[in-house]
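Asker: File protein_33.txt follows (compact mmCIF, C-alpha atoms and all ligand atoms):
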```txt
# COMPACT_ATOMS: atom_id res chain seq x y z
CA MET A 14 55.00 -8.06 33.92
CA THR A 15 58.35 -9.53 34.97
CA THR A 16 58.63 -10.67 38.57
CA TYR A 17 61.98 -11.56 40.12
CA VAL A 18 61.70 -14.63 42.31
CA GLU A 19 64.36 -15.70 44.77
CA THR A 20 65.22 -19.35 44.69
CA THR A 21 68.13 -21.56 45.70
CA VAL A 22 70.40 -23.28 43.19
CA ASN A 23 73.34 -25.32 44.50
CA GLU A 24 73.07 -23.54 47.86
CA HIS A 25 73.24 -20.09 46.23
CA THR A 26 70.28 -17.75 46.25
CA ILE A 27 69.53 -16.32 42.84
CA ALA A 28 66.70 -14.19 41.45
CA LEU A 29 64.95 -15.69 38.43
CA ALA A 30 62.97 -13.41 36.15
CA SER A 31 59.56 -14.94 35.61
CA ASP A 32 56.69 -13.72 33.49
CA ILE A 33 53.09 -14.84 33.38
CA ARG A 34 52.47 -14.48 29.64
CA SER A 35 48.87 -15.63 29.45
CA VAL A 36 46.09 -17.52 31.17
CA GLY A 37 43.26 -19.47 29.63
CA ALA A 38 40.30 -21.53 30.81
CA LEU A 39 40.17 -25.30 30.18
CA THR A 40 37.40 -27.79 30.82
CA LEU A 41 38.57 -31.13 32.17
CA SER A 42 35.16 -32.84 32.11
CA GLU A 43 31.86 -32.71 30.24
CA ASP A 44 30.66 -30.07 32.72
CA PRO A 45 31.33 -26.58 31.23
CA ALA A 46 31.41 -25.14 34.76
CA ASP A 47 34.26 -27.48 35.68
CA ILE A 48 37.01 -24.97 34.81
CA ALA A 49 40.75 -25.35 35.23
CA TRP A 50 43.24 -22.62 34.37
CA LEU A 51 46.30 -22.93 32.16
CA TYR A 52 49.08 -20.39 32.68
CA HIS A 53 51.95 -19.95 30.25
CA LEU A 54 54.99 -18.69 32.12
CA VAL A 55 58.42 -17.82 30.80
CA VAL A 56 61.33 -18.13 33.22
CA ASN A 57 64.90 -17.03 32.40
CA ASP A 58 66.42 -20.42 33.04
CA GLU A 59 67.48 -22.96 30.43
CA TRP A 60 64.02 -24.57 30.23
CA ARG A 61 62.24 -21.26 29.48
CA ASP A 62 58.59 -22.20 28.84
CA TYR A 63 56.41 -23.57 31.60
CA TYR A 64 52.74 -24.53 31.44
CA VAL A 65 50.95 -24.62 34.77
CA VAL A 66 47.52 -26.21 35.13
CA TYR A 67 45.72 -24.91 38.19
CA VAL A 68 42.48 -26.20 39.63
CA GLY A 69 40.81 -23.99 42.24
CA PRO A 70 39.30 -20.57 42.85
CA THR A 71 40.86 -17.45 41.31
CA THR A 72 40.99 -13.74 42.06
CA SER A 73 39.38 -11.21 39.72
CA ASP A 74 42.81 -11.00 37.97
CA ARG A 75 42.65 -14.74 37.23
CA LEU A 76 45.42 -15.52 39.68
CA PRO A 77 45.10 -18.47 42.08
CA LEU A 78 43.11 -17.57 45.18
CA LEU A 79 45.15 -19.37 47.81
CA PRO A 80 44.30 -20.20 51.41
CA SER A 81 45.72 -17.57 53.76
CA VAL A 82 46.80 -19.96 56.52
CA SER A 83 48.87 -23.12 56.51
CA MET A 84 46.20 -25.21 58.28
CA HIS A 85 44.49 -26.50 55.19
CA THR A 86 44.61 -29.75 53.29
CA PRO A 87 48.01 -29.84 51.61
CA MET A 88 47.66 -28.76 47.98
CA PRO A 89 48.80 -31.38 45.46
CA VAL A 90 51.62 -30.21 43.21
CA ARG A 91 53.30 -32.16 40.44
CA ILE A 92 56.22 -31.25 38.19
CA ASP A 93 55.67 -32.98 34.88
CA SER A 94 58.40 -33.27 32.25
CA GLY A 95 57.61 -33.11 28.55
CA CYS A 96 57.29 -36.42 26.69
CA ILE A 97 56.31 -35.83 23.08
CA THR A 98 56.54 -39.54 22.24
CA GLY A 99 54.22 -40.73 25.01
CA MET A 100 51.97 -37.74 25.64
CA THR A 101 51.48 -36.52 22.08
CA PHE A 102 51.92 -39.64 19.98
CA GLY A 103 50.79 -42.24 22.48
CA ASP A 104 53.97 -44.36 22.56
CA LYS A 105 53.29 -47.14 25.04
CA SER A 106 56.86 -47.68 26.24
CA CYS A 107 56.56 -45.11 29.06
CA GLU A 108 53.92 -44.18 31.60
CA CYS A 109 54.18 -40.35 31.36
CA LYS A 110 50.64 -39.72 30.12
CA ASP A 111 49.15 -42.02 32.77
CA GLN A 112 51.12 -40.17 35.45
CA LEU A 113 49.91 -36.79 34.16
CA ASP A 114 46.30 -37.99 34.13
CA ALA A 115 46.67 -39.36 37.68
CA ALA A 116 48.15 -36.07 38.91
CA ILE A 117 45.31 -34.03 37.37
CA GLN A 118 42.80 -36.42 38.92
CA LEU A 119 44.50 -35.95 42.31
CA ILE A 120 44.26 -32.14 42.18
CA ARG A 121 40.67 -32.27 40.93
CA SER A 122 39.62 -34.57 43.76
CA ASN A 123 41.41 -32.30 46.25
CA GLY A 124 39.70 -29.22 44.77
CA GLN A 125 42.88 -27.16 44.47
CA GLY A 126 46.40 -27.77 43.20
CA PHE A 127 48.94 -27.40 40.41
CA VAL A 128 50.63 -29.40 37.66
CA ILE A 129 53.72 -27.68 36.22
CA HIS A 130 54.53 -29.05 32.77
CA VAL A 131 58.03 -28.41 31.39
CA PRO A 132 58.00 -29.33 27.68
CA SER A 133 61.74 -28.73 27.13
CA GLN A 134 62.63 -31.34 29.76
CA ASP A 135 61.86 -34.20 27.37
CA GLY A 136 64.31 -37.11 27.62
CA ARG A 137 65.10 -36.25 31.28
CA GLY A 138 66.36 -32.89 30.07
CA MET A 139 68.63 -34.39 27.38
CA GLY A 140 66.27 -33.38 24.57
CA ILE A 141 64.11 -35.13 22.03
CA ASP A 142 66.92 -36.14 19.64
CA PHE A 143 68.79 -37.85 22.45
CA LYS A 144 65.60 -39.52 23.59
CA LEU A 145 64.77 -40.93 20.15
CA LYS A 146 68.19 -42.60 20.08
CA THR A 147 67.49 -44.14 23.48
CA LEU A 148 64.07 -45.38 22.35
CA ASN A 149 65.75 -47.19 19.45
CA LYS A 150 68.08 -48.92 21.89
CA GLN A 151 65.15 -49.87 24.11
CA LEU A 152 62.72 -51.06 21.49
CA LEU A 153 65.12 -52.50 18.91
CA GLU A 154 68.06 -53.65 21.04
CA GLY A 155 66.31 -54.62 24.26
CA GLN A 156 68.09 -52.18 26.58
CA ASP A 157 66.27 -50.62 29.53
CA THR A 158 65.78 -46.85 29.76
CA VAL A 159 68.82 -46.23 31.97
CA GLN A 160 71.20 -48.49 30.00
CA ALA A 161 70.04 -46.85 26.77
CA ALA A 162 70.59 -43.34 28.15
CA ARG A 163 74.06 -44.17 29.48
CA ASP A 164 75.01 -45.86 26.23
CA THR A 165 73.81 -42.90 24.17
CA ALA A 166 75.41 -40.26 26.40
CA GLY A 167 78.65 -42.21 26.69
CA SER A 168 78.73 -41.28 30.39
CA HIS A 169 76.67 -41.47 33.54
CA LEU A 170 74.87 -38.22 32.76
CA ILE A 171 71.32 -39.39 32.26
CA ASP A 172 69.17 -36.82 34.02
CA ARG A 173 70.07 -33.16 33.70
CA ARG A 174 66.73 -31.67 34.75
CA THR A 175 66.60 -28.91 37.36
CA TYR A 176 63.50 -27.77 39.16
CA HIS A 177 64.17 -24.28 40.50
CA GLY A 178 62.33 -22.77 37.52
CA ALA A 179 59.24 -24.82 38.33
CA ILE A 180 59.44 -23.65 41.93
CA ALA A 181 59.78 -20.05 40.68
CA CYS A 182 56.52 -20.55 38.74
CA LEU A 183 54.73 -21.57 41.93
CA LYS A 184 56.15 -18.54 43.75
CA VAL A 185 55.02 -16.18 40.98
CA LEU A 186 51.55 -17.69 41.27
CA GLY A 187 51.49 -16.91 45.00
CA ILE A 188 52.82 -20.03 46.74
CA ASP A 189 55.20 -19.43 49.64
CA ALA A 190 56.41 -21.31 52.72
CA THR A 191 53.08 -20.74 54.52
CA HIS A 192 51.29 -23.03 52.05
CA ALA A 193 51.34 -26.73 52.83
CA LEU A 194 52.03 -28.78 49.72
CA ASN A 195 51.48 -32.42 48.83
CA ILE A 196 54.20 -33.33 46.33
CA ALA A 197 52.97 -35.95 43.87
CA THR A 198 56.09 -37.69 42.61
CA ASN A 199 58.11 -40.89 42.68
CA ASN A 200 61.33 -38.94 42.10
CA PRO A 201 63.48 -38.08 45.16
CA ASP A 202 65.25 -35.27 43.23
CA LYS A 203 61.97 -33.36 42.93
CA ILE A 204 61.26 -33.66 46.65
CA ALA A 205 64.76 -32.36 47.45
CA ALA A 206 64.22 -29.42 45.07
CA PHE A 207 61.05 -28.33 46.88
CA ARG A 208 62.78 -28.54 50.25
CA ASN A 209 65.81 -26.58 49.00
CA GLY A 210 63.54 -24.05 47.32
CA GLY A 211 62.02 -22.95 50.63
CA LEU A 212 58.56 -24.48 50.17
CA THR A 213 56.69 -26.54 52.74
CA ILE A 214 56.12 -30.21 51.98
CA ALA A 215 53.44 -31.47 54.36
CA GLU A 216 52.72 -34.65 52.44
CA GLU A 217 54.11 -36.78 49.63
CA THR A 218 51.99 -38.84 47.26
CA ARG A 219 53.45 -41.58 45.11
CA ILE A 220 51.85 -41.99 41.70
CA HIS A 221 51.32 -45.70 41.18
CA ILE A 222 50.76 -46.73 37.58
CA LYS A 223 50.02 -50.39 37.00
CA PRO A 224 52.89 -51.70 34.85
CA THR A 225 52.11 -53.13 31.44
CA MET A 226 54.23 -55.65 29.54
CA LEU A 227 55.87 -52.67 27.82
CA THR A 228 56.45 -50.44 30.86
CA GLU A 229 57.42 -53.02 33.49
CA ARG A 230 61.14 -52.98 32.65
CA HIS A 231 61.10 -49.19 32.27
CA LEU A 232 59.61 -48.72 35.76
CA GLN A 233 61.94 -51.29 37.30
CA ALA A 234 65.01 -49.55 35.81
CA LYS A 235 63.88 -46.21 37.21
CA LYS A 236 63.49 -47.80 40.63
CA GLU A 237 66.86 -49.59 40.56
CA HIS A 238 69.03 -46.91 39.01
CA LEU A 239 67.29 -43.60 39.78
CA ASN A 240 65.82 -44.45 43.21
CA HIS A 241 62.28 -43.75 42.04
CA SER A 242 59.38 -45.35 43.90
CA LEU A 243 57.13 -47.63 41.91
ZN ZN A 301 57.33 -40.65 28.48
```
Show me this structure written as structure tokens.
Ligand SMILES: [Zn+2]

Answerer:
Amino acid sequence: MTTYVETTVNEHTIALASDIRSVGALTLSEDPADIAWLYHLVVNDEWRDYYVVYVGPTTSDRLPLLPSVSMHTPMPVRIDSGCITGMTFGDKSCECKDQLDAAIQLIRSNGQGFVIHVPSQDGRGMGIDFKLKTLNKQLLEGQDTVQAARDTAGSHLIDRRTYHGAIACLKVLGIDATHALNIATNNPDKIAAFRNGGLTIAEETRIHIKPTMLTERHLQAKKEHLNHSL
């Protein structure tokens, strides 16, 4: 069933059509009773497919059963961009998989929360072909992630992701301004998107991943050029 969700894009309110296509049970530990839910949502924005992992109780319709008042522990929420090189093939030059694992651990220890995964936002929204070119420049020519992206784009456009679709997913799943959220991110753009999208940020959690020899420069470049926290 299509639901139209109001959200704010560049100070304009728009209605995004959002569909929950399916929901399935996952086990995140050896305990078969330790169930998490995976929702596939389709939103009519340019990113289209969204996968939301939810940990917590559900209604009989398999929708999140959310606290009815705002006086609860803020629910951890993370928006997670696709990274086929790191998450699927285990490339060690980025920390994406470690960040995803840390976010899932955070929501599991809290008992309730969401990770919204946006596969089409690979390469900071520039796409996988763009990203592979930047990886060549990083691994073969010694550039950092931001230099490589600027060099490949031929401009300063290095992050074209938007987050209103991810916020629409949360709204379709029942989150509104009465729910206190704990945003797990190092990226100031994501925090701004939640505030502009009319949701309540009660807490922010930085995801600290210990740098390796391969990721140290990558993390430092994100801090220096994209204002990310380490
Ligand atoms: Zn990555």

Asker: As AutoDock Vina command-line options, what would the box around range 106-122 of chain A look like: edges along x, y and z, 6 Å added on every side, centre and edge lengths in Å to one decimal?

Answerer:
```
--center_x 48.2 --center_y -39.9 --center_z 35.0 --size_x 29.2 --size_y 27.5 --size_z 29.5
```

Asker: Would you mind telling me which residue in A:Lys105, A:Thr21, A:Gly69, A:Trp60 lies nearest to Ala205 in chain A when using only C-alpha atoms?

Answerer: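 Result for the nearest residue to Ala205 in chain A: A:Thr21.
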
Asker: Between A:Val66, A:Ala234, A:Val131, A:Leu78, which is the closest to Arg174 in chain A once you count only C-alpha atoms?

Answerer: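 Using only C-alpha atoms, Arg174 in chain A sits closest to A:Val131.
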
Asker: Write out as a count of residues only each polymer residue whose atoms come within 8 Å of Cys107 in chain A, counting all atoms listed in the file; drop sequence neighbours fewer than 5 positions from it.

Answerer: 4

Asker: Could you check which of A:Leu153, A:Tyr64, A:Lys203, A:Ser81 is closest to Ala190 in chain A, using all atoms listed in the file?

Answerer: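 When distances to Ala190 in chain A are compared using all atoms listed in the file, the smallest one comes from A:Ser81.
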
Asker: Given the point (60.4, -30.9, 28.8) in the file's coordinates, find the residues that have an atom at most 8 Å from it, counting all atoms listed in the file, and give them as a PyMOL selection string.

Answerer: chain A and resi 60+93-96+130-138+140

Asker: Output requested as a tab-separated table (two decimals), in the frame of the given file - range 67-78 of chain A, filled out with all heavy atoms.

Answerer:
```
chain	number	residue	atom	x	y	z
A	67	TYR	N	46.16	-25.17	36.82
A	67	TYR	CA	45.72	-24.91	38.19
A	67	TYR	C	44.24	-25.21	38.29
A	67	TYR	O	43.45	-24.78	37.45
A	67	TYR	CB	45.98	-23.43	38.53
A	67	TYR	CG	45.27	-22.95	39.77
A	67	TYR	CD1	45.64	-23.42	41.03
A	67	TYR	CD2	44.21	-22.06	39.69
A	67	TYR	CE1	44.97	-22.99	42.17
A	67	TYR	CE2	43.54	-21.62	40.82
A	67	TYR	CZ	43.92	-22.10	42.06
A	67	TYR	OH	43.25	-21.69	43.18
A	68	VAL	N	43.88	-25.95	39.31
A	68	VAL	CA	42.48	-26.20	39.63
A	68	VAL	C	42.20	-25.49	40.95
A	68	VAL	O	42.95	-25.68	41.91
A	68	VAL	CB	42.20	-27.71	39.77
A	68	VAL	CG1	40.81	-27.96	40.33
A	68	VAL	CG2	42.40	-28.41	38.44
A	69	GLY	N	41.16	-24.66	40.99
A	69	GLY	CA	40.81	-23.99	42.24
A	69	GLY	C	40.26	-22.60	41.96
A	69	GLY	O	40.20	-22.17	40.81
A	70	PRO	N	39.87	-21.91	43.03
A	70	PRO	CA	39.30	-20.57	42.85
A	70	PRO	C	40.36	-19.57	42.41
A	70	PRO	O	41.56	-19.77	42.65
A	70	PRO	CB	38.78	-20.23	44.25
A	70	PRO	CG	39.56	-21.09	45.19
A	70	PRO	CD	39.92	-22.34	44.43
A	71	THR	N	39.92	-18.50	41.75
A	71	THR	CA	40.86	-17.45	41.31
A	71	THR	C	40.39	-16.09	41.81
A	71	THR	O	39.23	-15.90	42.18
A	71	THR	CB	40.96	-17.38	39.77
A	71	THR	OG1	39.68	-17.07	39.24
A	71	THR	CG2	41.49	-18.67	39.17
A	72	THR	N	41.32	-15.14	41.77
A	72	THR	CA	40.99	-13.74	42.06
A	72	THR	C	40.36	-13.13	40.80
A	72	THR	O	40.29	-13.77	39.75
A	72	THR	CB	42.27	-12.96	42.38
A	72	THR	OG1	43.07	-12.92	41.18
A	72	THR	CG2	43.08	-13.61	43.49
A	73	SER	N	39.97	-11.87	40.90
A	73	SER	CA	39.38	-11.21	39.72
A	73	SER	C	40.44	-11.03	38.62
A	73	SER	O	40.10	-10.86	37.45
A	73	SER	CB	38.77	-9.87	40.10
A	73	SER	OG	39.75	-9.09	40.75
A	74	ASP	N	41.74	-11.08	38.98
A	74	ASP	CA	42.81	-11.00	37.97
A	74	ASP	C	43.17	-12.36	37.39
A	74	ASP	O	44.19	-12.49	36.71
A	74	ASP	CB	44.09	-10.41	38.60
A	74	ASP	CG	43.91	-8.99	39.04
A	74	ASP	OD1	43.06	-8.31	38.44
A	74	ASP	OD2	44.61	-8.57	39.98
A	75	ARG	N	42.38	-13.37	37.70
A	75	ARG	CA	42.65	-14.74	37.23
A	75	ARG	C	43.94	-15.31	37.77
A	75	ARG	O	44.63	-16.09	37.10
A	75	ARG	CB	42.68	-14.80	35.70
A	75	ARG	CG	41.39	-14.38	35.05
A	75	ARG	CD	40.34	-15.45	35.21
A	75	ARG	NE	39.11	-15.10	34.52
A	75	ARG	CZ	37.91	-15.14	35.08
A	75	ARG	NH1	37.77	-15.49	36.35
A	75	ARG	NH2	36.84	-14.84	34.39
A	76	LEU	N	44.29	-14.90	38.99
A	76	LEU	CA	45.42	-15.52	39.68
A	76	LEU	C	44.86	-16.50	40.71
A	76	LEU	O	43.72	-16.32	41.18
A	76	LEU	CB	46.29	-14.46	40.36
A	76	LEU	CG	47.12	-13.62	39.39
A	76	LEU	CD1	47.74	-12.43	40.11
A	76	LEU	CD2	48.20	-14.48	38.73
A	77	PRO	N	45.62	-17.54	41.09
A	77	PRO	CA	45.10	-18.47	42.08
A	77	PRO	C	44.71	-17.75	43.38
A	77	PRO	O	45.46	-16.91	43.87
A	77	PRO	CB	46.27	-19.43	42.31
A	77	PRO	CG	47.06	-19.36	41.05
A	77	PRO	CD	46.94	-17.94	40.58
A	78	LEU	N	43.54	-18.08	43.89
A	78	LEU	CA	43.11	-17.57	45.18
A	78	LEU	C	43.50	-18.62	46.20
A	78	LEU	O	42.89	-19.70	46.26
A	78	LEU	CB	41.59	-17.33	45.18
A	78	LEU	CG	41.00	-16.73	46.45
A	78	LEU	CD1	41.57	-15.34	46.72
A	78	LEU	CD2	39.48	-16.66	46.33
```
